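Student: Just passing along the structure, written as structure tokens.
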Amino acid sequence: MLVLVNFPAPPEIRSLSPFCYKAEALLALAGCDYRMEHATDLSALPHGKVPVLKDGDLVIPDSSLIQRHLERHHGLAIDETLTGVELAMAEAIRRMAEEHLRWTMVHARWIDPAGEEMIMGTALADVPEEMRRDVLTSLRESIRGTLHAQGLGRHTPEEIYAFGRADLDAIAAFLDDKPFFMGDRPTTVDASLVGVVLNILASDIDTPLMRHAAAIPTLADYALRFERTVFGPAARIPATLRGEQAA
């Protein structure tokens with residue numbers, strides 16, 4: 001059986017990491033039998049991060065390498081009907097979501113003071129309470145440095161959120177009234193996009209990014225449609241989206 005190494009996550013969302021969500025969705029889309037394993041020591045993993053897929057003696061890090069492995073060895077073929085132009089478009093949008101929009105979400109979670117309560121109760125939940133503030137401060141400074149090196153962190157919070165809102169608008173505009181990003185059925189780009197979009201929508205952090213995402217019904221409809229289509233009865237619906245589920 002395949003094993004996907006992931007962070008522990010709240011019950012109503014598969015992962016706080018868009019990349020781990022993407023990897024699990026790809027496993028489900030390939031029809032693989034798999035189980036989850038929680039990472040306890042990131043330093044023991046290749047690249048020091050999740051997701052990691054274990055396939056027998058093989059250990060595959062990184063969601064993109066996991067996708068390639070599933071396509072080569074486990075029958076993941078959901079992109080095979082896309083044209084070259086469609087594949088290029090999907091790749092460009094995927095990179096926008098993973099390498100730009102995701103960083104605005106990181107800012108909202110870790111740098112914006114509005115994210116402190118959520119981070120304390122999820123990512124740092126296993127840290128002894130008396131240590132959480134110091135751990136948060138240390139991690140925040142490390143992430144602030146990463147954001148600065150990436151480039152987004154050199155901007156004001158207002159500018160960062162404006163970038164994120166523009167990314168969300170672009171995704172919603174291309175989706176329009178299509179069930180999935182490239183048409184009537186999910187492809188791999190949907191796994192990437194929903195991993196980011198659902199993490200934004202599932203958050204109860206009060207920031208301009210989360211408010212903007214919540215104000216675009218297309219995004220919630222899309223994320224819920226993908227979750228139900230891919231995971232069926234095992235779909236997880238965040239509390240923030242249960243109104244959309246009823247609708």
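The way I read the labels, and the way they are meant: chains A, B, ... in the order of the structure tokens, residue 1 as the first residue of every chain, and ligand 1 as the first ligand shown, with later ones counted on from there.
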Among chain A, which residues carry a DSSP assignment of alpha helix (DSSP H), reported as a PyMOL selection string?
Tutor: chain A and resi 18-29+63-73+84-96+102-106+116-121+129-150+157-175+188-201+208-214+217-231+242-246
Student: Can you list every residue of stretch 39-128 of chain A that has an atom at most 8 Å from stretch 20-35 of chain A, with its nearest atom pair and the distance in Å to one decimal, using only C-alpha atoms, ordered by chain then number, as JSON lines?
Tutor:
```
{"residue": "A:Val50", "atom": "CA", "partner": "A:Cys20", "partner_atom": "CA", "distance": 6.8}
{"residue": "A:Pro51", "atom": "CA", "partner": "A:Cys20", "partner_atom": "CA", "distance": 5.1}
{"residue": "A:Ser63", "atom": "CA", "partner": "A:Ala23", "partner_atom": "CA", "distance": 5.5}
{"residue": "A:Ile66", "atom": "CA", "partner": "A:Ala23", "partner_atom": "CA", "distance": 6.9}
{"residue": "A:Gln67", "atom": "CA", "partner": "A:Leu26", "partner_atom": "CA", "distance": 6.8}
{"residue": "A:Leu70", "atom": "CA", "partner": "A:Ala30", "partner_atom": "CA", "distance": 7.2}
{"residue": "A:His74", "atom": "CA", "partner": "A:Ala30", "partner_atom": "CA", "distance": 6.8}
{"residue": "A:Gly75", "atom": "CA", "partner": "A:Ala30", "partner_atom": "CA", "distance": 6.1}
{"residue": "A:Leu76", "atom": "CA", "partner": "A:Ala30", "partner_atom": "CA", "distance": 4.5}
{"residue": "A:Ala77", "atom": "CA", "partner": "A:Ala30", "partner_atom": "CA", "distance": 7.5}
{"residue": "A:Ile78", "atom": "CA", "partner": "A:Leu29", "partner_atom": "CA", "distance": 7.8}
```
Student: Would you mind listing what lies within 8 Å of stretch 8-17 of chain A as number ranges by chain, with only C-alpha atoms counted and same-chain residues fewer than 5 positions away left out?
Tutor: A: 38-39, 122, 195, 199, 202, 236-239
Student: Would you put the residues from that selection into a file with all heavy atoms, as a compact mmCIF listing (two decimals), in the first residue's frame?
Tutor:
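Saved result, again-v1.txt, follows:
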```
# COMPACT_ATOMS: atom_id res chain seq x y z
N HIS A 38 1.54 10.54 9.69
CA HIS A 38 1.88 11.88 10.14
C HIS A 38 3.38 12.02 10.34
O HIS A 38 4.03 11.16 10.92
CB HIS A 38 1.14 12.21 11.44
CG HIS A 38 -0.32 12.38 11.25
ND1 HIS A 38 -1.22 12.22 12.27
CD2 HIS A 38 -1.05 12.69 10.15
CE1 HIS A 38 -2.45 12.43 11.81
NE2 HIS A 38 -2.36 12.71 10.53
N ALA A 39 3.91 13.13 9.84
CA ALA A 39 5.33 13.40 10.01
C ALA A 39 5.61 13.77 11.47
O ALA A 39 4.91 14.59 12.05
CB ALA A 39 5.74 14.55 9.10
N THR A 122 -3.68 25.21 15.78
CA THR A 122 -3.54 24.15 14.77
C THR A 122 -2.08 23.75 14.62
O THR A 122 -1.65 22.72 15.13
CB THR A 122 -4.12 24.61 13.42
OG1 THR A 122 -3.49 25.85 13.01
CG2 THR A 122 -5.61 24.81 13.50
N GLY A 195 -6.18 22.82 -3.55
CA GLY A 195 -5.34 22.75 -2.36
C GLY A 195 -5.09 24.12 -1.77
O GLY A 195 -5.07 24.29 -0.54
N ASN A 199 -7.80 25.89 1.33
CA ASN A 199 -7.14 26.33 2.56
C ASN A 199 -7.45 27.77 2.89
O ASN A 199 -7.56 28.14 4.06
CB ASN A 199 -5.62 26.12 2.44
CG ASN A 199 -5.15 24.86 3.12
OD1 ASN A 199 -4.97 24.82 4.33
ND2 ASN A 199 -5.00 23.80 2.34
N ALA A 202 -11.27 27.78 3.96
CA ALA A 202 -11.53 27.06 5.21
C ALA A 202 -11.09 27.86 6.43
O ALA A 202 -11.46 27.54 7.56
CB ALA A 202 -10.82 25.72 5.20
N ARG A 236 -14.56 16.13 3.01
CA ARG A 236 -14.50 16.91 4.23
C ARG A 236 -14.91 18.35 3.90
O ARG A 236 -14.31 18.98 3.04
CB ARG A 236 -13.09 16.89 4.82
CG ARG A 236 -12.64 15.49 5.22
CD ARG A 236 -11.29 15.54 5.90
NE ARG A 236 -10.76 14.20 6.12
CZ ARG A 236 -9.60 13.95 6.71
NH1 ARG A 236 -8.85 14.96 7.15
NH2 ARG A 236 -9.17 12.71 6.87
N ILE A 237 -15.92 18.82 4.61
CA ILE A 237 -16.46 20.16 4.35
C ILE A 237 -16.14 21.05 5.54
O ILE A 237 -16.67 20.84 6.64
CB ILE A 237 -17.98 20.11 4.12
CG1 ILE A 237 -18.34 19.05 3.07
CG2 ILE A 237 -18.49 21.49 3.71
CD1 ILE A 237 -17.71 19.27 1.71
N PRO A 238 -15.29 22.05 5.36
CA PRO A 238 -14.97 22.95 6.48
C PRO A 238 -16.20 23.69 6.98
O PRO A 238 -17.15 23.94 6.22
CB PRO A 238 -13.97 23.94 5.85
CG PRO A 238 -13.41 23.23 4.67
CD PRO A 238 -14.52 22.36 4.16
N ALA A 239 -16.20 24.04 8.24
CA ALA A 239 -17.34 24.74 8.85
C ALA A 239 -17.64 26.04 8.12
O ALA A 239 -18.80 26.42 7.99
CB ALA A 239 -17.06 25.01 10.32
```
Student: So what do you get for atom CA of A:Leu2 versus atom CA of A:Phe226, distance-wise?
Tutor: 22.3 Å
Student: List every residue of stretch 167-206 of chain A that has an atom at most 10 Å from any atom of stretch 90-110 of chain A, giving for each one its closest atom pair and the distance in Å to one decimal, counting only C-alpha atoms, sorted by chain and then by ascending residue number, as CSV.
Tutor:
```
residue,atom,partner,partner_atom,distance
A:Asp167,CA,A:Leu101,CA,6.2
A:Leu168,CA,A:Leu101,CA,7.8
A:Ala170,CA,A:Ile93,CA,9.0
A:Ile171,CA,A:Ile93,CA,7.8
A:Phe174,CA,A:Ile93,CA,9.7
A:Phe181,CA,A:Ala90,CA,8.3
A:Met182,CA,A:Ala90,CA,7.9
A:Thr187,CA,A:Ala90,CA,9.1
A:Thr188,CA,A:Ala90,CA,8.4
A:Val189,CA,A:Ala90,CA,5.7
A:Asp190,CA,A:Arg94,CA,8.5
A:Ala191,CA,A:Arg94,CA,9.2
A:Ser192,CA,A:Arg94,CA,6.2
A:Leu193,CA,A:Ala97,CA,6.2
A:Val194,CA,A:Ala97,CA,9.4
A:Gly195,CA,A:Glu98,CA,9.0
A:Val196,CA,A:Arg102,CA,6.2
A:Val197,CA,A:Ala97,CA,8.4
A:Asn199,CA,A:Met105,CA,8.4
A:Ile200,CA,A:Met105,CA,6.7
A:Ser203,CA,A:Arg109,CA,9.0
A:Ile205,CA,A:Arg109,CA,7.6
A:Asp206,CA,A:Ala108,CA,8.9
```
Student: Ranking A:Asp221, A:Glu130, A:Asp41, A:Asp204 by minimum distance to A:Asp176 and counting only C-alpha atoms, which one comes first?
Tutor: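 Residue with the minimum atom-to-atom distance to A:Asp176: A:Asp221.
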Student: Using only C-alpha atoms, which of the listed residues (A:Pro179, A:Phe7, A:Leu152, A:Ile143) sits closest to A:Leu124?
Tutor: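 Result for the nearest residue to A:Leu124: A:Phe7.
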